[in-house]
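Chemist: Provided herewith is a single structure, encoded as structure tokens, for subsequent inquiry.
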Amino acid sequence: MTGHTSTVQGALFGEPVTVASDGQGAAATQDPREVARIVATAQEPGFLLIERTGQVLRTDPARPGCAETAARLDGATVLQLLDTGHLRLGGTHHVHHNGSEGPARSVLVPKATRDMVARWDHLRPIPETARALEQTNNRQRSTGVIGVDVVQPGKALVVLGNTGAGGTVLRDGNRYRVENDHGTHIGHASSYRAAARLLARYHGYTPGPVEIEHEHHTHRR
């Protein structure tokens with residue numbers, strides 16, 4: 001998107017960075033241009049999610065009831081936007097895909113997300129920063145096991161494996177506020193697990209498995 005003003009859009013979830021995904025083996029993005037493209041595709045022709053596997057599909061408009069595997073970058077970005085509530089899951093549909101068939105849930109675009117993308121039309125692209133370049137180089141590195149320690153109801157501390165990075169997760173109404181290890185707000189997530197993945201992506205790592213410790217019980221997800 002090109003604009004006619006000098007305004008620069010900040011990244012969707014904090015600083016302008018390139019973040020890594022876990023579900024599709026590709027890098028997701030915080031570039032508003034890419035997010036806008038994914039949001040537009042989610043509206044037409046549409047995305048679907050196979051919940052059992054986490055695979056993202058792209059609806060085939062030429063074949064009703066059929067879908068194809070989404071490009072890896074697109075799938076990673078869809079999962080990222082679902083994690084942060086910028087996209088939501090809808091109803092379940094019976095879909096033909098890759099020679100098989102089964103249930104998949106539609107991916108919906110909330111009005112708030114449509115309005116947010118519409119406001120970007122007048123903004124010029126984000127300049128690439130040194131942090132973005134550094135995190136692009138790190139994006140193939142995994143966190144290892146991510147530890148989430150629920151220290152009190154509605155508050156958890158996150159440690160990203162052996163990376164030395166982490167953050168804090170705080171309940172904020174029906175979602176969770178995510179802060180980095182310096183207390184800077186970087187976004188919201190739908191659960192502790194989604195918050196841990198968001199922190200990993202923010203720091204430029206591929207999220208590993210998440211272990212949530214609460215009242216001396218450990219749950220592997």
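Labeling convention for the structure tokens: chains A, B, ... as they appear, residues from 1 per chain, ligands from 1 in order of appearance.
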Tell me, which residues of segment 151-217 of chain A carry DSSP strand (DSSP E), written as a compact mmCIF listing (two decimals) with N, CA and C atoms, in the first residue's frame?
Modeler:
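For reference, part13.txt as written:
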```txt
# COMPACT_ATOMS: atom_id res chain seq x y z
N VAL A 151 1.95 -17.64 38.42
CA VAL A 151 2.36 -17.32 39.78
C VAL A 151 1.19 -16.89 40.66
N GLN A 152 0.12 -16.44 40.03
CA GLN A 152 -1.11 -16.11 40.74
C GLN A 152 -2.23 -16.07 39.71
N LYS A 155 -2.00 -14.15 36.25
CA LYS A 155 -0.65 -13.64 36.00
C LYS A 155 0.31 -14.80 35.82
N ALA A 156 1.13 -14.74 34.76
CA ALA A 156 2.10 -15.80 34.49
C ALA A 156 3.40 -15.18 34.01
N LEU A 157 4.50 -15.86 34.35
CA LEU A 157 5.82 -15.49 33.86
C LEU A 157 6.23 -16.49 32.80
N VAL A 158 6.81 -16.00 31.70
CA VAL A 158 7.17 -16.85 30.57
C VAL A 158 8.68 -16.84 30.41
N VAL A 159 9.26 -18.03 30.25
CA VAL A 159 10.69 -18.17 29.97
C VAL A 159 10.82 -18.94 28.66
N LEU A 160 11.49 -18.34 27.68
CA LEU A 160 11.62 -18.94 26.35
C LEU A 160 12.82 -19.88 26.30
N GLY A 166 12.05 -13.64 27.74
CA GLY A 166 10.77 -14.04 28.31
C GLY A 166 9.84 -12.86 28.38
N GLY A 167 8.90 -12.93 29.35
CA GLY A 167 7.95 -11.85 29.50
C GLY A 167 6.91 -12.18 30.54
N THR A 168 5.89 -11.36 30.61
CA THR A 168 4.82 -11.49 31.59
C THR A 168 3.48 -11.49 30.87
N VAL A 169 2.55 -12.30 31.38
CA VAL A 169 1.20 -12.38 30.82
C VAL A 169 0.22 -12.03 31.92
N LEU A 170 -0.67 -11.09 31.64
CA LEU A 170 -1.64 -10.61 32.62
C LEU A 170 -3.05 -10.70 32.04
N ARG A 171 -3.98 -11.25 32.83
CA ARG A 171 -5.36 -11.31 32.34
C ARG A 171 -5.90 -9.89 32.18
N ASP A 172 -6.56 -9.65 31.06
CA ASP A 172 -7.12 -8.34 30.74
C ASP A 172 -8.52 -8.56 30.18
N ARG A 175 -9.18 -11.65 27.65
CA ARG A 175 -7.96 -12.01 26.95
C ARG A 175 -6.76 -11.73 27.85
N TYR A 176 -5.57 -11.85 27.31
CA TYR A 176 -4.36 -11.70 28.10
C TYR A 176 -3.46 -10.62 27.51
N ARG A 177 -3.00 -9.73 28.37
CA ARG A 177 -2.05 -8.70 27.97
C ARG A 177 -0.65 -9.31 28.03
N VAL A 178 0.14 -9.11 26.98
CA VAL A 178 1.47 -9.70 26.89
C VAL A 178 2.52 -8.59 26.95
N GLU A 179 3.48 -8.73 27.87
CA GLU A 179 4.55 -7.76 28.01
C GLU A 179 5.89 -8.46 27.86
N ASN A 180 6.87 -7.76 27.30
CA ASN A 180 8.20 -8.35 27.19
C ASN A 180 8.90 -8.29 28.55
N HIS A 185 4.37 -3.35 26.63
CA HIS A 185 3.21 -4.06 26.08
C HIS A 185 3.47 -4.39 24.61
N ILE A 186 3.34 -5.67 24.24
CA ILE A 186 3.59 -6.06 22.85
C ILE A 186 2.35 -6.60 22.15
N GLY A 187 1.26 -6.79 22.89
CA GLY A 187 0.05 -7.28 22.24
C GLY A 187 -0.85 -8.02 23.21
N HIS A 188 -1.94 -8.58 22.67
CA HIS A 188 -2.86 -9.39 23.45
C HIS A 188 -2.95 -10.79 22.85
N ALA A 189 -3.32 -11.75 23.66
CA ALA A 189 -3.44 -13.13 23.22
C ALA A 189 -4.69 -13.74 23.84
N VAL A 210 4.96 -25.81 24.70
CA VAL A 210 4.68 -24.96 25.85
C VAL A 210 4.33 -25.82 27.06
N GLU A 211 5.00 -25.59 28.17
CA GLU A 211 4.68 -26.25 29.43
C GLU A 211 4.13 -25.22 30.40
N ILE A 212 2.89 -25.45 30.87
CA ILE A 212 2.25 -24.51 31.79
C ILE A 212 2.25 -25.12 33.19
N GLU A 213 2.85 -24.42 34.13
CA GLU A 213 2.91 -24.89 35.51
C GLU A 213 1.98 -24.04 36.36
N HIS A 214 1.04 -24.72 37.00
CA HIS A 214 0.03 -24.01 37.78
C HIS A 214 -0.32 -24.87 38.99
N HIS A 217 1.22 -28.34 39.13
CA HIS A 217 0.89 -29.33 38.11
C HIS A 217 1.42 -28.83 36.77
```
Chemist: Choose the residue, out of A:Gly54, A:Arg33, A:Pro45, A:Arg114, that has the smallest atom-to-atom separation from Asp83 of chain A; count only C-alpha atoms.
Modeler: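 Of A:Gly54, A:Arg33, A:Pro45, A:Arg114, the one nearest Asp83 of chain A is A:Gly54, counting only C-alpha atoms.
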Chemist: What gap, in Å, lies between atom CA of Leu89 of chain A and atom CA of Thr206 of chain A?
Modeler: 23.2 Å
Chemist: What's the 7 Å shell around segment 56-69 of chain A, counting only C-alpha atoms, without same-chain residues fewer than 6 positions away, as number ranges by chain?
Modeler: A: 45-50, 75, 95-98
Chemist: Write a file of the just-selected residues containing all heavy atoms, as a CSV table (one decimal), in the first residue's frame.
Modeler:
```csv
chain,number,residue,atom,x,y,z
A,45,PRO,N,-11.0,-15.3,-1.3
A,45,PRO,CA,-12.0,-16.4,-1.3
A,45,PRO,C,-12.2,-17.0,0.1
A,45,PRO,O,-13.2,-17.7,0.3
A,45,PRO,CB,-11.4,-17.4,-2.2
A,45,PRO,CG,-9.9,-17.3,-2.1
A,45,PRO,CD,-9.7,-15.8,-1.9
A,46,GLY,N,-11.2,-16.8,1.1
A,46,GLY,CA,-11.4,-17.3,2.4
A,46,GLY,C,-10.4,-18.4,2.8
A,46,GLY,O,-9.8,-19.1,2.0
A,47,PHE,N,-10.2,-18.5,4.1
A,47,PHE,CA,-9.3,-19.5,4.7
A,47,PHE,C,-10.1,-20.5,5.6
A,47,PHE,O,-11.2,-20.1,6.1
A,47,PHE,CB,-8.2,-18.9,5.6
A,47,PHE,CG,-7.2,-18.1,4.8
A,47,PHE,CD1,-7.1,-16.7,4.9
A,47,PHE,CD2,-6.3,-18.8,4.0
A,47,PHE,CE1,-6.1,-16.0,4.3
A,47,PHE,CE2,-5.3,-18.1,3.3
A,47,PHE,CZ,-5.2,-16.7,3.4
A,48,LEU,N,-9.6,-21.7,5.7
A,48,LEU,CA,-10.2,-22.6,6.6
A,48,LEU,C,-9.1,-23.2,7.5
A,48,LEU,O,-7.9,-23.2,7.1
A,48,LEU,CB,-10.8,-23.8,5.9
A,48,LEU,CG,-12.0,-23.4,4.9
A,48,LEU,CD1,-12.2,-24.5,3.9
A,48,LEU,CD2,-13.3,-23.2,5.8
A,49,LEU,N,-9.4,-23.7,8.7
A,49,LEU,CA,-8.4,-24.3,9.6
A,49,LEU,C,-8.8,-25.7,10.0
A,49,LEU,O,-10.0,-25.9,10.4
A,49,LEU,CB,-8.3,-23.5,10.9
A,49,LEU,CG,-7.3,-24.0,11.9
A,49,LEU,CD1,-5.9,-24.0,11.4
A,49,LEU,CD2,-7.5,-23.3,13.3
A,50,ILE,N,-8.0,-26.7,9.7
A,50,ILE,CA,-8.2,-28.0,10.2
A,50,ILE,C,-7.7,-28.1,11.7
A,50,ILE,O,-6.5,-28.1,11.9
A,50,ILE,CB,-7.4,-29.1,9.4
A,50,ILE,CG1,-7.9,-29.0,7.9
A,50,ILE,CG2,-7.7,-30.5,9.9
A,50,ILE,CD1,-7.2,-29.9,7.0
A,75,GLY,N,-0.2,-19.3,5.7
A,75,GLY,CA,-0.7,-20.1,6.8
A,75,GLY,C,-0.1,-19.6,8.2
A,75,GLY,O,-0.9,-19.6,9.2
A,95,VAL,N,-15.1,-30.3,3.9
A,95,VAL,CA,-14.2,-29.8,2.9
A,95,VAL,C,-13.5,-31.0,2.2
A,95,VAL,O,-13.0,-31.9,2.9
A,95,VAL,CB,-13.2,-28.8,3.4
A,95,VAL,CG1,-12.3,-28.3,2.3
A,95,VAL,CG2,-13.9,-27.6,4.1
A,96,HIS,N,-13.3,-30.9,0.9
A,96,HIS,CA,-12.5,-31.8,0.1
A,96,HIS,C,-11.1,-31.1,-0.1
A,96,HIS,O,-11.0,-30.0,-0.5
A,96,HIS,CB,-13.1,-32.1,-1.3
A,96,HIS,CG,-14.4,-32.8,-1.2
A,96,HIS,ND1,-14.5,-34.2,-1.3
A,96,HIS,CD2,-15.7,-32.4,-1.0
A,96,HIS,CE1,-15.7,-34.6,-1.2
A,96,HIS,NE2,-16.5,-33.5,-1.0
A,97,HIS,N,-10.1,-31.9,0.3
A,97,HIS,CA,-8.7,-31.3,0.3
A,97,HIS,C,-7.7,-32.4,0.0
A,97,HIS,O,-7.7,-33.4,0.7
A,97,HIS,CB,-8.4,-30.6,1.6
A,97,HIS,CG,-7.0,-30.3,1.8
A,97,HIS,ND1,-6.2,-31.0,2.7
A,97,HIS,CD2,-6.2,-29.4,1.1
A,97,HIS,CE1,-5.0,-30.5,2.7
A,97,HIS,NE2,-4.9,-29.6,1.7
A,98,ASN,N,-6.9,-32.2,-1.0
A,98,ASN,CA,-5.8,-33.1,-1.3
A,98,ASN,C,-6.2,-34.6,-1.3
A,98,ASN,O,-5.5,-35.5,-0.8
A,98,ASN,CB,-4.7,-32.9,-0.2
A,98,ASN,CG,-3.4,-33.5,-0.6
A,98,ASN,OD1,-3.1,-33.6,-1.8
A,98,ASN,ND2,-2.5,-33.9,0.3
```
Chemist: Skipping near chain neighbours, those fewer than 4 positions away, what residues fall within 9 Å of Ala194 of chain A using only C-alpha atoms, listed as a PDB file with N, CA, C and O atoms, in the first residue's frame?
Modeler:
```pdb
ATOM      1  N   GLN A  80      -0.948 -16.671  13.318  1.00  0.00           N
ATOM      2  CA  GLN A  80      -0.527 -15.549  14.156  1.00  0.00           C
ATOM      3  C   GLN A  80      -1.716 -14.640  14.465  1.00  0.00           C
ATOM      4  O   GLN A  80      -1.927 -14.225  15.616  1.00  0.00           O
ATOM      5  N   ASP A  83      -4.155 -16.256  16.860  1.00  0.00           N
ATOM      6  CA  ASP A  83      -3.636 -16.237  18.230  1.00  0.00           C
ATOM      7  C   ASP A  83      -3.922 -14.912  18.927  1.00  0.00           C
ATOM      8  O   ASP A  83      -4.195 -14.866  20.127  1.00  0.00           O
ATOM      9  N   THR A  84      -3.827 -13.829  18.178  1.00  0.00           N
ATOM     10  CA  THR A  84      -3.962 -12.500  18.782  1.00  0.00           C
ATOM     11  C   THR A  84      -5.380 -11.940  18.668  1.00  0.00           C
ATOM     12  O   THR A  84      -5.626 -10.812  19.083  1.00  0.00           O
ATOM     13  N   ALA A 189      -3.317 -11.753  23.664  1.00  0.00           N
ATOM     14  CA  ALA A 189      -3.440 -13.134  23.217  1.00  0.00           C
ATOM     15  C   ALA A 189      -4.689 -13.742  23.836  1.00  0.00           C
ATOM     16  O   ALA A 189      -5.239 -13.225  24.818  1.00  0.00           O
ATOM     17  N   SER A 190      -5.120 -14.859  23.259  1.00  0.00           N
ATOM     18  CA  SER A 190      -6.363 -15.491  23.699  1.00  0.00           C
ATOM     19  C   SER A 190      -6.166 -16.465  24.855  1.00  0.00           C
ATOM     20  O   SER A 190      -7.134 -16.886  25.471  1.00  0.00           O
ATOM     21  N   LEU A 198       3.334 -15.853  21.161  1.00  0.00           N
ATOM     22  CA  LEU A 198       3.503 -14.476  20.724  1.00  0.00           C
ATOM     23  C   LEU A 198       4.834 -13.907  21.211  1.00  0.00           C
ATOM     24  O   LEU A 198       5.550 -13.226  20.466  1.00  0.00           O
ATOM     25  N   LEU A 199       5.194 -14.204  22.450  1.00  0.00           N
ATOM     26  CA  LEU A 199       6.479 -13.733  22.976  1.00  0.00           C
ATOM     27  C   LEU A 199       7.643 -14.327  22.197  1.00  0.00           C
ATOM     28  O   LEU A 199       8.626 -13.641  21.897  1.00  0.00           O
TER      29      LEU A 199
END
```
